[in-house]
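Report on one structure; see the data block that follows.
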Amino acid sequence: MNYPGQFHSQMINILSQYGNASGVSDPLWTHWEIESLKHAFAVRMNLGDPEFVNVTRVLADMLSPEFAEELKESIYDNMTFDPSHYGGRWRQINDHGTSHLSVIDPQGNAISMTGTVNGYFGANVLSSSTGIVLNNEMDDFSIPGNDSTGLPPAPPNFIRPGKRPLSPMTPAIILKDGQLKAVVGASVGALIIPATAEVLVNHFSRGMDPLSSVMAPRVYHQVPM
């Protein structure tokens, strides 16, 4: 399970309240990006498979400009805070073995596809019929008692029969008035989420061209770390 649109919307809703980014010093803009990432990651920790967890309120908050305004009011230009300020309670996931593909054909058809074996060599099982290395996506579940980071794992993402794990993969296709504007995605576990969000912010909010939006240095903050 992944919720790229909601995460990106929450981050962009927070940053949009600062107005036009031109004329803002790079360190201050970077600070705002980091703080918005902390808030978005903290809210995301309450998500899980909607067949098992009621995520209606969480998703509504992530899309709400009013909720983003509340979060923006808790961001200070001259300081940061400990994880509890952002609502961080659970352990996040970092994985390996992921790749992404973005394609647009001459007719404007678009594909944004992220694939993964998750950990190194996945489940260490090779399909005898296809030669494909099977993934260990079960590792994306939170595990009770695994609190090596000093924070407990997220109960909404605990393992249950038939349940889908919460994935950080966020392939995105952006449309405006029915017209294709962007196709984006990334790899490297939890780094995927801010990577795609920051590329979109660079292009649509900061006015950078596509290549510069991708090549620009990025910031990262995952609340509990």
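Residues in the structure tokens are numbered from 1 in each chain, the chains being A, B, ... in the order shown, and ligands are numbered from 1 in the order shown.
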Strand (DSSP E) call set, DSSP backbone run, region 70-224 of chain A, as a ChimeraX atom specification: /A:98-104,110-116,172-176,179-184
Contacts of Val43 (chain A) within 8 Å, only C-alpha atoms, excl. fewer than 2 positions in-chain, as an MDAnalysis selection string: chainID A and resid 39:41 45:47 58 62 87:88
Glu66 (chain A) surroundings by only C-alpha atoms, 12 Å radius, close-in-sequence under 5 positions cut, as a ChimeraX atom specification: /A:10,13-14,17,60-61,71-73
Residue contacts of Leu126 (chain A) (12 Å, only C-alpha atoms) excluding same-chain residues fewer than 6 positions away, as a ChimeraX atom specification: /A:117,132-136
Residue nearest Glu69 (chain A) among A:Ala123, A:Ile173, A:Leu15, A:Leu101 (counting only C-alpha atoms):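 Of the candidates, the smallest distance to Glu69 (chain A) is held by A:Leu15.
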Nearest candidate to Met79 (chain A) (options A:Tyr18, A:Phe121, A:Ser64, A:Leu28; using only C-alpha atoms): A:Leu28
Close residues, Val219 (chain A) itself excluded, 8 Å, only C-alpha atoms, min 2 positions apart in chain, as a ChimeraX atom specification: /A:30,33-34,194,217,221
Nearest-residue call for Ser205 (chain A), choices A:Phe81, A:Tyr76, A:Trp29, A:Tyr220, using only C-alpha atoms: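 With only C-alpha atoms as the atom set, the closest residue is A:Trp29.
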Nearest candidate to Asn118 (chain A) (options A:Gly189, A:Val53, A:Gly131, A:Tyr86; using only C-alpha atoms): A:Gly189
Taking the chain letters and numbering used in this document, name the residues of region 74-216 of chain A that DSSP puts in alpha helix (DSSP H), as a short mmCIF file (atom, residue, chain, number, x, y, z; two decimals) with N, CA and C atoms, in the first residue's frame.
data_model
loop_
_atom_site.label_atom_id
_atom_site.label_comp_id
_atom_site.auth_asym_id
_atom_site.auth_seq_id
_atom_site.Cartn_x
_atom_site.Cartn_y
_atom_site.Cartn_z
N PRO A 83 10.95 14.65 17.99
CA PRO A 83 9.90 13.99 17.20
C PRO A 83 8.48 14.18 17.71
N SER A 84 8.29 14.30 19.02
CA SER A 84 6.93 14.43 19.56
C SER A 84 6.22 15.68 19.06
N HIS A 85 6.98 16.72 18.73
CA HIS A 85 6.37 17.96 18.22
C HIS A 85 5.65 17.72 16.91
N TYR A 86 6.16 16.81 16.09
CA TYR A 86 5.59 16.55 14.77
C TYR A 86 4.57 15.41 14.79
N ILE A 192 12.30 7.53 -1.18
CA ILE A 192 11.47 7.73 -2.37
C ILE A 192 10.49 8.88 -2.17
N ILE A 193 9.86 8.92 -1.03
CA ILE A 193 8.74 9.85 -0.81
C ILE A 193 9.19 11.30 -0.90
N PRO A 194 10.20 11.74 -0.13
CA PRO A 194 10.63 13.13 -0.28
C PRO A 194 11.31 13.40 -1.61
N ALA A 195 11.97 12.39 -2.20
CA ALA A 195 12.64 12.61 -3.48
C ALA A 195 11.64 13.03 -4.54
N THR A 196 10.53 12.28 -4.67
CA THR A 196 9.53 12.63 -5.67
C THR A 196 8.85 13.95 -5.33
N ALA A 197 8.56 14.15 -4.05
CA ALA A 197 7.90 15.39 -3.64
C ALA A 197 8.77 16.61 -3.95
N GLU A 198 10.07 16.51 -3.69
CA GLU A 198 10.94 17.66 -3.88
C GLU A 198 11.17 17.97 -5.36
N VAL A 199 11.19 16.92 -6.21
CA VAL A 199 11.28 17.17 -7.65
C VAL A 199 10.05 17.93 -8.13
N LEU A 200 8.87 17.54 -7.66
CA LEU A 200 7.64 18.23 -8.04
C LEU A 200 7.63 19.67 -7.52
N PRO A 210 12.81 20.73 -15.85
CA PRO A 210 12.77 19.34 -15.39
C PRO A 210 14.11 18.75 -14.99
N LEU A 211 15.15 18.96 -15.82
CA LEU A 211 16.44 18.39 -15.48
C LEU A 211 17.00 18.98 -14.19
N SER A 212 16.92 20.29 -14.05
CA SER A 212 17.41 20.93 -12.83
C SER A 212 16.62 20.49 -11.62
N SER A 213 15.31 20.26 -11.81
CA SER A 213 14.47 19.80 -10.70
C SER A 213 14.93 18.46 -10.17
N VAL A 214 15.37 17.58 -11.08
CA VAL A 214 15.83 16.26 -10.69
C VAL A 214 17.25 16.30 -10.13
N MET A 215 18.11 17.12 -10.73
CA MET A 215 19.53 17.13 -10.37
C MET A 215 19.82 17.97 -9.12
#
Selection near Ser142 (chain A), 6 Å with only C-alpha atoms, sequence-local residues under 5 positions removed, as number ranges by chain: A: 153-154, 157-158
Pick from A:Leu175, A:Met208, A:Ile104, A:Ile159, whichever lies nearest to Glu137 (chain A) using only C-alpha atoms: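 For Glu137 (chain A), the nearest of the candidates is A:Ile159.
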